[in-house]
Amino acid sequence: MKLAVPDMISNSYFPAIAAIELGFFKEQGLDVSLDMIFPVDKAYAALRDGAVDFVGGSAHSALAAFPQWEGGKLLCAQAQGMYWFLVMHSDLGARRGDIAIVKGRSIGAAPWVEMGLRRLLIEAGLDLARDGIKIAPVPGAVGAGVNFGLTAAKALEERKIDGFWANGMGAEVAVRRGVGTVVLDVRRGDGPKACFNYTMASLAATDRLIERSPETAAAAIRAIANTHAALKRDVSLATAVGRKLYPPSEAELIAELIRRDLPYYDTMISREFVAGMNRFARDLGILAADVPYEKIVAPQLLSGAQNASIG
């Protein structure tokens with residue numbers, strides 16, 4: 001079986017990656033290999049077309065390949081909450097929470113990922129056209145094998161962009177190099193409150209797989225849950241995974257990023273989250289009408305306690 005993620009050198013989809021590398025899929029009887037397919041809409045297209053069996057990506061982006069959630073479902077969360085950071089060049093003197101700093105600036109963001117920032121800015125009272133805010137792909141972030149966060153940090157350092165909206169690894173690298181300032185970290189309370197439930201890092205599969213092999217879907221959920229538990233017990237396992245897959249500098253950073261994410265590690269997909277994601281998708285015009293919770297999440301989740309929330 002194949003699992004696709006849109007970014008590898010990142011904390012965003014690390015639970016899915018670690019579930020492979022630490023043997024938790026194998027423990028559940030699943031032989032899963034990892035593919036990187038960027039951007040995320042192409043990963044979901046590969047899922048729809050049967051080229052991969054799972055996607056570990058942003059939940060709302062499944063709509064790129066499964067309009068109105070026809071044919072695809074979310075199996076579980078990799079972590080709770082929208083997980084991207086707004087980072088601006090340090091020369092701009094930005095302060096944490098100062099959303100207005102984006103006025104007149106160029107912000108790099110990946111396809112479908114940019115939707116989170118665009119809607120957040122509107123919800124915060126900004127107007128992209130009126131306020132001269134340009135959100136566009138990061139220069140150099142095309143082609144196979146691109147790790148978006150690192151590419152964004154490099155583009156920021158080279159002043160090709162004024163800021164970026166990307167993962168925690170990109171944010172950390174930019175800050176440590178002295179070229180970036182974190183302005184928004186939605187997962188930890190920055191920005192309008194509704195933004196937390198715009199999307200999350202999830203694991204998705206097709207209805208075909210879920211119906212044909214419900215035990216496989218259940219096993220995949222258990223593999224992610226067991227990965228969460230293992231990392232909570234010993235976060236240094238993240239370093240071991242990083243040393244297999246990442247350049248040396250990022251391999252040594254990953255455990256700290258995962259340590260910060262541990263409070264959000266929960267496979268739950270709540271009704272509150274789905275309601276927030278539905279609203280977000282409708283506001284963006286990528287969903288025509290609300291879709292019931294039961295059509296979006298896998299049946300294997302429905303027996304769990306799905307009404308709690310984090311954030």
# chains A, B, ... in the order shown; residues from 1 in each chain; ligands from 1
$ residues_around --residues "segment 235-242 of chain A" --least-positions-apart "2" --cutoff "7 Å" --atoms "only C-alpha atoms" --output "list of chain:residue names"
A:Ala18, A:Glu21, A:Leu231, A:Lys232, A:Arg233, A:Lys244, A:Leu245, A:Tyr246, A:Ala251, A:Glu252, A:Ile254, A:Ala255, A:Arg259
$ write_last_selection --atoms "N, CA and C atoms" --output "PDB file, in the first residue's frame"
ATOM      1  N   ALA A  18       5.934   8.830  10.521  1.00  0.00           N
ATOM      2  CA  ALA A  18       6.510   8.044  11.616  1.00  0.00           C
ATOM      3  C   ALA A  18       5.808   6.701  11.781  1.00  0.00           C
ATOM      4  N   GLU A  21       7.767   4.613   9.404  1.00  0.00           N
ATOM      5  CA  GLU A  21       9.172   4.426   9.767  1.00  0.00           C
ATOM      6  C   GLU A  21       9.356   3.704  11.100  1.00  0.00           C
ATOM      7  N   LEU A 231       5.206   8.606  20.505  1.00  0.00           N
ATOM      8  CA  LEU A 231       5.912   9.891  20.516  1.00  0.00           C
ATOM      9  C   LEU A 231       5.674  10.636  21.828  1.00  0.00           C
ATOM     10  N   LYS A 232       4.497  10.471  22.402  1.00  0.00           N
ATOM     11  CA  LYS A 232       4.234  11.096  23.709  1.00  0.00           C
ATOM     12  C   LYS A 232       5.091  10.455  24.797  1.00  0.00           C
ATOM     13  N   ARG A 233       5.329   9.150  24.669  1.00  0.00           N
ATOM     14  CA  ARG A 233       6.187   8.464  25.652  1.00  0.00           C
ATOM     15  C   ARG A 233       7.651   8.834  25.462  1.00  0.00           C
ATOM     16  N   LYS A 244      16.757   9.371   9.406  1.00  0.00           N
ATOM     17  CA  LYS A 244      16.592   8.493   8.236  1.00  0.00           C
ATOM     18  C   LYS A 244      16.205   9.281   6.990  1.00  0.00           C
ATOM     19  N   LEU A 245      15.424  10.346   7.167  1.00  0.00           N
ATOM     20  CA  LEU A 245      14.747  10.971   6.033  1.00  0.00           C
ATOM     21  C   LEU A 245      15.164  12.404   5.729  1.00  0.00           C
ATOM     22  N   TYR A 246      15.756  13.108   6.699  1.00  0.00           N
ATOM     23  CA  TYR A 246      15.969  14.550   6.565  1.00  0.00           C
ATOM     24  C   TYR A 246      17.445  14.890   6.453  1.00  0.00           C
ATOM     25  N   ALA A 251      16.961  17.231  10.765  1.00  0.00           N
ATOM     26  CA  ALA A 251      16.806  16.029  11.583  1.00  0.00           C
ATOM     27  C   ALA A 251      16.957  16.349  13.066  1.00  0.00           C
ATOM     28  N   GLU A 252      17.846  17.290  13.366  1.00  0.00           N
ATOM     29  CA  GLU A 252      18.071  17.645  14.775  1.00  0.00           C
ATOM     30  C   GLU A 252      17.006  18.605  15.308  1.00  0.00           C
ATOM     31  N   ILE A 254      13.602  18.282  14.442  1.00  0.00           N
ATOM     32  CA  ILE A 254      12.253  17.740  14.372  1.00  0.00           C
ATOM     33  C   ILE A 254      11.689  17.343  15.729  1.00  0.00           C
ATOM     34  N   ALA A 255      12.483  16.811  16.626  1.00  0.00           N
ATOM     35  CA  ALA A 255      11.941  16.373  17.920  1.00  0.00           C
ATOM     36  C   ALA A 255      11.369  17.548  18.709  1.00  0.00           C
ATOM     37  N   ARG A 259       7.601  17.859  19.923  1.00  0.00           N
ATOM     38  CA  ARG A 259       7.295  18.081  21.353  1.00  0.00           C
ATOM     39  C   ARG A 259       6.244  19.175  21.507  1.00  0.00           C
TER      40      ARG A 259
END
$ select_by_dssp --residues "segment 8-196 of chain A" --states "strand (DSSP E)" --output "MDAnalysis selection string"
chainID A and resid 33:36 54:58 72:79 85:89 106:109 134:136 163:166 180:185
$ residues_around --residues "Ala205 of chain A" --least-positions-apart "2" --cutoff "12 Å" --atoms "only C-alpha atoms" --output "ChimeraX atom specification"
/A:1-4,43-57,59,62,65-66,69-76,202-203,207-214,216-218,220-221,296-299
$ residues_around --residues "segment 80-93 of chain A" --least-positions-apart "6" --cutoff "9 Å" --atoms "only C-alpha atoms" --output "number ranges by chain"
A: 12, 58, 99, 101-102, 107, 113, 116-117, 156-157, 159, 161-168, 170-171, 174-175, 178-188, 195-202, 263-269, 273, 309-311
$ closest_residue --among "A:Lys26, A:Arg177, A:His60, A:Lys154" --to "Val274 of chain A" --atoms "only C-alpha atoms"
A:His60
$ closest_atom_pairs --of "segment 71-158 of chain A" --to "segment 277-288 of chain A" --cutoff "9 Å" --atoms "only C-alpha atoms" --output "CSV"
residue,atom,partner,partner_atom,distance
A:Met115,CA,A:Leu284,CA,7.5
A:Gly116,CA,A:Phe280,CA,8.4
A:Arg118,CA,A:Leu284,CA,8.9
A:Arg119,CA,A:Leu284,CA,7.3
$ residues_around --residues "segment 135-141 of chain A" --least-positions-apart "2" --cutoff "9 Å" --atoms "only C-alpha atoms" --output "ChimeraX atom specification"
/A:105-111,114,117-118,128,133,143,146-148,151-152,155,160-161,164
$ write_last_selection --atoms "N, CA and C atoms" --output "compact mmCIF listing (two decimals), in the first residue's frame"
# COMPACT_ATOMS: atom_id res chain seq x y z
N ARG A 105 2.07 43.60 1.03
CA ARG A 105 3.17 42.62 1.02
C ARG A 105 2.86 41.41 0.14
N SER A 106 3.92 40.71 -0.22
CA SER A 106 3.83 39.48 -1.00
C SER A 106 4.06 38.29 -0.08
N ILE A 107 3.07 37.40 -0.02
CA ILE A 107 3.11 36.24 0.88
C ILE A 107 3.14 34.97 0.05
N GLY A 108 4.11 34.11 0.28
CA GLY A 108 4.20 32.84 -0.42
C GLY A 108 3.39 31.77 0.29
N ALA A 109 2.63 31.02 -0.48
CA ALA A 109 1.84 29.91 0.08
C ALA A 109 1.58 28.88 -1.00
N ALA A 110 1.45 27.63 -0.61
CA ALA A 110 1.21 26.54 -1.55
C ALA A 110 -0.25 26.50 -1.99
N PRO A 111 -0.52 25.91 -3.16
CA PRO A 111 -1.90 25.74 -3.59
C PRO A 111 -2.72 24.99 -2.54
N GLU A 114 -2.96 28.04 0.71
CA GLU A 114 -3.20 29.48 0.72
C GLU A 114 -4.64 29.83 1.11
N LEU A 117 -4.99 30.99 4.74
CA LEU A 117 -4.56 32.37 4.99
C LEU A 117 -5.56 33.36 4.40
N ARG A 118 -6.00 33.10 3.18
CA ARG A 118 -6.91 34.03 2.52
C ARG A 118 -8.19 34.22 3.34
N LEU A 128 -7.98 41.64 0.38
CA LEU A 128 -6.73 41.43 -0.35
C LEU A 128 -6.50 42.49 -1.42
N ILE A 133 -2.59 43.01 -0.81
CA ILE A 133 -1.96 41.79 -0.31
C ILE A 133 -1.88 40.77 -1.44
N GLY A 143 7.66 21.20 -8.95
CA GLY A 143 8.39 19.99 -9.33
C GLY A 143 8.41 18.96 -8.22
N VAL A 146 9.97 18.74 -3.94
CA VAL A 146 10.07 20.03 -3.27
C VAL A 146 9.52 19.91 -1.85
N ASN A 147 10.28 20.38 -0.88
CA ASN A 147 9.80 20.48 0.49
C ASN A 147 9.44 21.94 0.73
N PHE A 148 8.14 22.20 0.83
CA PHE A 148 7.64 23.56 0.71
C PHE A 148 8.15 24.49 1.80
N THR A 151 11.71 25.51 1.24
CA THR A 151 11.79 26.37 0.06
C THR A 151 11.30 27.77 0.38
N ALA A 152 10.23 27.86 1.17
CA ALA A 152 9.69 29.16 1.57
C ALA A 152 10.70 29.92 2.43
N ALA A 155 13.35 31.31 0.19
CA ALA A 155 12.86 32.44 -0.60
C ALA A 155 12.74 33.70 0.26
N LYS A 160 12.82 37.18 -1.90
CA LYS A 160 11.94 36.97 -3.06
C LYS A 160 10.48 37.14 -2.66
N ILE A 161 10.20 37.03 -1.36
CA ILE A 161 8.87 37.24 -0.79
C ILE A 161 9.03 38.03 0.51
N PHE A 164 5.73 34.23 4.43
CA PHE A 164 5.16 32.97 3.93
C PHE A 164 4.17 32.41 4.93
$ atom_distance --atom1 "atom CA of Asp98 of chain A" --atom2 "atom CA of Ala194 of chain A"
17.5 Å
$ atom_distance --atom1 "atom CA of Phe38 of chain A" --atom2 "atom CA of Lys134 of chain A"
21.6 Å
$ closest_residue --among "A:Met169, A:Leu121, A:Val32, A:Ile37" --to "Asp261 of chain A" --atoms "only C-alpha atoms"
A:Met169
$ select_by_dssp --residues "segment 89-199 of chain A" --states "alpha helix (DSSP H)" --output "PyMOL selection string"
chain A and resi 114-123+148-157+168-176
$ write_last_selection --atoms "N, CA, C and O atoms" --output "mmCIF file, in the first residue's frame"
data_model
loop_
_atom_site.group_PDB
_atom_site.id
_atom_site.type_symbol
_atom_site.label_atom_id
_atom_site.label_comp_id
_atom_site.auth_asym_id
_atom_site.auth_seq_id
_atom_site.Cartn_x
_atom_site.Cartn_y
_atom_site.Cartn_z
ATOM 1 N N GLU A 114 -2.964 28.040 0.707
ATOM 2 C CA GLU A 114 -3.200 29.478 0.723
ATOM 3 C C GLU A 114 -4.636 29.830 1.113
ATOM 4 O O GLU A 114 -4.897 30.920 1.603
ATOM 5 N N MET A 115 -5.567 28.903 0.908
ATOM 6 C CA MET A 115 -6.961 29.175 1.248
ATOM 7 C C MET A 115 -7.130 29.497 2.728
ATOM 8 O O MET A 115 -7.950 30.332 3.105
ATOM 9 N N GLY A 116 -6.353 28.817 3.573
ATOM 10 C CA GLY A 116 -6.440 29.069 5.008
ATOM 11 C C GLY A 116 -6.060 30.498 5.348
ATOM 12 O O GLY A 116 -6.723 31.165 6.150
ATOM 13 N N LEU A 117 -4.990 30.987 4.740
ATOM 14 C CA LEU A 117 -4.565 32.367 4.993
ATOM 15 C C LEU A 117 -5.556 33.360 4.402
ATOM 16 O O LEU A 117 -5.917 34.352 5.039
ATOM 17 N N ARG A 118 -5.999 33.095 3.182
ATOM 18 C CA ARG A 118 -6.912 34.029 2.518
ATOM 19 C C ARG A 118 -8.185 34.217 3.337
ATOM 20 O O ARG A 118 -8.622 35.355 3.582
ATOM 21 N N ARG A 119 -8.765 33.112 3.799
ATOM 22 C CA ARG A 119 -10.005 33.222 4.585
ATOM 23 C C ARG A 119 -9.737 33.851 5.958
ATOM 24 O O ARG A 119 -10.552 34.639 6.454
ATOM 25 N N LEU A 120 -8.604 33.529 6.554
ATOM 26 C CA LEU A 120 -8.239 34.121 7.843
ATOM 27 C C LEU A 120 -8.160 35.646 7.736
ATOM 28 O O LEU A 120 -8.676 36.368 8.604
ATOM 29 N N LEU A 121 -7.529 36.138 6.679
ATOM 30 C CA LEU A 121 -7.377 37.585 6.519
ATOM 31 C C LEU A 121 -8.731 38.264 6.337
ATOM 32 O O LEU A 121 -8.984 39.337 6.904
ATOM 33 N N ILE A 122 -9.608 37.612 5.575
ATOM 34 C CA ILE A 122 -10.951 38.169 5.391
ATOM 35 C C ILE A 122 -11.690 38.192 6.721
ATOM 36 O O ILE A 122 -12.340 39.178 7.082
ATOM 37 N N GLU A 123 -11.574 37.099 7.470
ATOM 38 C CA GLU A 123 -12.254 37.011 8.769
ATOM 39 C C GLU A 123 -11.706 38.056 9.745
ATOM 40 O O GLU A 123 -12.406 38.513 10.650
ATOM 41 N N PHE A 148 8.136 22.198 0.828
ATOM 42 C CA PHE A 148 7.640 23.561 0.706
ATOM 43 C C PHE A 148 8.152 24.493 1.803
ATOM 44 O O PHE A 148 8.577 25.611 1.522
ATOM 45 N N GLY A 149 8.111 24.051 3.054
ATOM 46 C CA GLY A 149 8.513 24.932 4.144
ATOM 47 C C GLY A 149 9.950 25.405 4.012
ATOM 48 O O GLY A 149 10.257 26.585 4.205
ATOM 49 N N LEU A 150 10.847 24.486 3.671
ATOM 50 C CA LEU A 150 12.255 24.847 3.513
ATOM 51 C C LEU A 150 12.452 25.765 2.314
ATOM 52 O O LEU A 150 13.262 26.699 2.355
ATOM 53 N N THR A 151 11.714 25.512 1.238
ATOM 54 C CA THR A 151 11.793 26.366 0.059
ATOM 55 C C THR A 151 11.299 27.769 0.384
ATOM 56 O O THR A 151 11.881 28.777 -0.054
ATOM 57 N N ALA A 152 10.231 27.857 1.166
ATOM 58 C CA ALA A 152 9.694 29.160 1.570
ATOM 59 C C ALA A 152 10.695 29.924 2.435
ATOM 60 O O ALA A 152 10.885 31.137 2.259
ATOM 61 N N ALA A 153 11.332 29.230 3.373
ATOM 62 C CA ALA A 153 12.323 29.887 4.234
ATOM 63 C C ALA A 153 13.485 30.435 3.416
ATOM 64 O O ALA A 153 13.981 31.542 3.672
ATOM 65 N N LYS A 154 13.911 29.677 2.407
ATOM 66 C CA LYS A 154 15.005 30.128 1.544
ATOM 67 C C LYS A 154 14.583 31.345 0.719
ATOM 68 O O LYS A 154 15.347 32.308 0.566
ATOM 69 N N ALA A 155 13.349 31.311 0.189
ATOM 70 C CA ALA A 155 12.859 32.444 -0.598
ATOM 71 C C ALA A 155 12.737 33.704 0.265
ATOM 72 O O ALA A 155 13.026 34.819 -0.196
ATOM 73 N N LEU A 156 12.343 33.534 1.514
ATOM 74 C CA LEU A 156 12.262 34.671 2.439
ATOM 75 C C LEU A 156 13.651 35.238 2.699
ATOM 76 O O LEU A 156 13.862 36.464 2.668
ATOM 77 N N GLU A 157 14.609 34.344 2.932
ATOM 78 C CA GLU A 157 15.986 34.778 3.183
ATOM 79 C C GLU A 157 16.545 35.554 1.995
ATOM 80 O O GLU A 157 17.286 36.532 2.170
ATOM 81 N N GLY A 168 5.561 24.318 10.366
ATOM 82 C CA GLY A 168 6.401 24.662 11.502
ATOM 83 C C GLY A 168 7.885 24.532 11.239
ATOM 84 O O GLY A 168 8.685 25.268 11.821
ATOM 85 N N MET A 169 8.286 23.598 10.365
ATOM 86 C CA MET A 169 9.704 23.463 10.052
ATOM 87 C C MET A 169 10.196 24.691 9.298
ATOM 88 O O MET A 169 11.257 25.245 9.606
ATOM 89 N N GLY A 170 9.424 25.131 8.305
ATOM 90 C CA GLY A 170 9.801 26.340 7.582
ATOM 91 C C GLY A 170 9.891 27.537 8.509
ATOM 92 O O GLY A 170 10.828 28.344 8.419
ATOM 93 N N ALA A 171 8.912 27.660 9.409
ATOM 94 C CA ALA A 171 8.912 28.763 10.365
ATOM 95 C C ALA A 171 10.136 28.712 11.275
ATOM 96 O O ALA A 171 10.819 29.723 11.499
ATOM 97 N N GLU A 172 10.437 27.534 11.788
ATOM 98 C CA GLU A 172 11.568 27.380 12.706
ATOM 99 C C GLU A 172 12.893 27.702 12.028
ATOM 100 O O GLU A 172 13.760 28.387 12.599
ATOM 101 N N VAL A 173 13.056 27.211 10.798
ATOM 102 C CA VAL A 173 14.295 27.469 10.065
ATOM 103 C C VAL A 173 14.456 28.968 9.815
ATOM 104 O O VAL A 173 15.535 29.534 10.003
ATOM 105 N N ALA A 174 13.380 29.642 9.404
ATOM 106 C CA ALA A 174 13.448 31.076 9.134
ATOM 107 C C ALA A 174 13.785 31.866 10.401
ATOM 108 O O ALA A 174 14.607 32.796 10.364
ATOM 109 N N VAL A 175 13.173 31.491 11.507
ATOM 110 C CA VAL A 175 13.439 32.195 12.779
ATOM 111 C C VAL A 175 14.881 31.967 13.221
ATOM 112 O O VAL A 175 15.582 32.904 13.620
ATOM 113 N N ARG A 176 15.334 30.729 13.148
ATOM 114 C CA ARG A 176 16.701 30.433 13.598
ATOM 115 C C ARG A 176 17.761 31.077 12.715
ATOM 116 O O ARG A 176 18.851 31.390 13.193
#
$ atom_distance --atom1 "atom CA of Asn226 of chain A" --atom2 "atom CA of Asp35 of chain A"
21.2 Å
$ decode --residues "segment 193-273 of chain A" --atoms "C-alpha atoms" --output "mmCIF file, in the first residue's frame"
data_model
loop_
_atom_site.group_PDB
_atom_site.id
_atom_site.type_symbol
_atom_site.label_atom_id
_atom_site.label_comp_id
_atom_site.auth_asym_id
_atom_site.auth_seq_id
_atom_site.Cartn_x
_atom_site.Cartn_y
_atom_site.Cartn_z
ATOM 1 C CA LYS A 193 -11.035 31.889 16.823
ATOM 2 C CA ALA A 194 -12.901 30.184 13.959
ATOM 3 C CA CYS A 195 -9.613 29.624 12.123
ATOM 4 C CA PHE A 196 -8.635 26.723 14.363
ATOM 5 C CA ASN A 197 -11.251 24.526 12.682
ATOM 6 C CA TYR A 198 -10.663 25.562 9.065
ATOM 7 C CA THR A 199 -8.656 22.398 8.485
ATOM 8 C CA MET A 200 -6.350 19.886 10.169
ATOM 9 C CA ALA A 201 -3.674 17.384 9.241
ATOM 10 C CA SER A 202 -5.663 14.228 8.573
ATOM 11 C CA LEU A 203 -5.424 10.763 7.056
ATOM 12 C CA ALA A 204 -7.827 10.113 4.186
ATOM 13 C CA ALA A 205 -8.883 7.144 2.069
ATOM 14 C CA THR A 206 -11.432 6.410 -0.633
ATOM 15 C CA ASP A 207 -14.901 5.072 0.003
ATOM 16 C CA ARG A 208 -13.814 2.136 -2.165
ATOM 17 C CA LEU A 209 -11.108 1.118 0.298
ATOM 18 C CA ILE A 210 -13.292 1.692 3.369
ATOM 19 C CA GLU A 211 -16.161 -0.362 1.952
ATOM 20 C CA ARG A 212 -13.963 -3.104 0.493
ATOM 21 C CA SER A 213 -11.755 -3.473 3.543
ATOM 22 C CA PRO A 214 -13.128 -1.807 6.690
ATOM 23 C CA GLU A 215 -10.533 -3.640 8.751
ATOM 24 C CA THR A 216 -7.764 -1.883 6.780
ATOM 25 C CA ALA A 217 -9.284 1.518 7.550
ATOM 26 C CA ALA A 218 -9.565 0.638 11.239
ATOM 27 C CA ALA A 219 -5.976 -0.644 11.287
ATOM 28 C CA ALA A 220 -4.698 2.614 9.753
ATOM 29 C CA ILE A 221 -6.450 4.641 12.464
ATOM 30 C CA ARG A 222 -4.907 2.430 15.155
ATOM 31 C CA ALA A 223 -1.470 2.857 13.569
ATOM 32 C CA ILE A 224 -1.715 6.663 13.835
ATOM 33 C CA ALA A 225 -3.050 6.446 17.416
ATOM 34 C CA ASN A 226 -0.194 4.138 18.414
ATOM 35 C CA THR A 227 2.313 6.494 16.790
ATOM 36 C CA HIS A 228 0.892 9.376 18.827
ATOM 37 C CA ALA A 229 1.231 7.323 22.004
ATOM 38 C CA ALA A 230 4.816 6.311 21.226
ATOM 39 C CA LEU A 231 5.912 9.891 20.516
ATOM 40 C CA LYS A 232 4.234 11.096 23.709
ATOM 41 C CA ARG A 233 6.187 8.464 25.652
ATOM 42 C CA ASP A 234 9.501 9.198 23.921
ATOM 43 C CA VAL A 235 9.730 12.216 21.642
ATOM 44 C CA SER A 236 13.337 11.321 20.770
ATOM 45 C CA LEU A 237 11.863 8.732 18.404
ATOM 46 C CA ALA A 238 11.208 11.719 16.123
ATOM 47 C CA THR A 239 14.947 12.336 15.851
ATOM 48 C CA ALA A 240 15.531 8.731 14.813
ATOM 49 C CA VAL A 241 12.959 9.121 12.033
ATOM 50 C CA GLY A 242 14.385 12.489 11.038
ATOM 51 C CA ARG A 243 17.900 11.068 10.718
ATOM 52 C CA LYS A 244 16.592 8.493 8.236
ATOM 53 C CA LEU A 245 14.747 10.971 6.033
ATOM 54 C CA TYR A 246 15.969 14.550 6.565
ATOM 55 C CA PRO A 247 19.127 16.592 6.054
ATOM 56 C CA PRO A 248 21.212 16.722 9.282
ATOM 57 C CA SER A 249 20.142 20.195 10.444
ATOM 58 C CA GLU A 250 16.405 19.509 10.081
ATOM 59 C CA ALA A 251 16.806 16.029 11.583
ATOM 60 C CA GLU A 252 18.071 17.645 14.775
ATOM 61 C CA LEU A 253 15.150 20.121 14.861
ATOM 62 C CA ILE A 254 12.253 17.740 14.372
ATOM 63 C CA ALA A 255 11.941 16.373 17.920
ATOM 64 C CA GLU A 256 11.507 19.869 19.353
ATOM 65 C CA LEU A 257 8.782 20.660 16.817
ATOM 66 C CA ILE A 258 7.005 17.395 17.604
ATOM 67 C CA ARG A 259 7.295 18.081 21.353
ATOM 68 C CA ARG A 260 5.378 21.338 20.796
ATOM 69 C CA ASP A 261 2.734 19.499 18.771
ATOM 70 C CA LEU A 262 2.131 16.663 21.249
ATOM 71 C CA PRO A 263 -0.804 18.422 23.012
ATOM 72 C CA TYR A 264 -2.638 18.377 19.660
ATOM 73 C CA TYR A 265 -2.008 14.698 18.928
ATOM 74 C CA ASP A 266 -5.427 13.049 18.901
ATOM 75 C CA THR A 267 -7.022 10.981 16.136
ATOM 76 C CA MET A 268 -10.474 12.426 16.903
ATOM 77 C CA ILE A 269 -12.394 14.303 14.221
ATOM 78 C CA SER A 270 -15.123 16.135 16.102
ATOM 79 C CA ARG A 271 -18.490 17.329 14.867
ATOM 80 C CA GLU A 272 -17.401 20.815 15.865
ATOM 81 C CA PHE A 273 -14.381 20.539 13.584
#
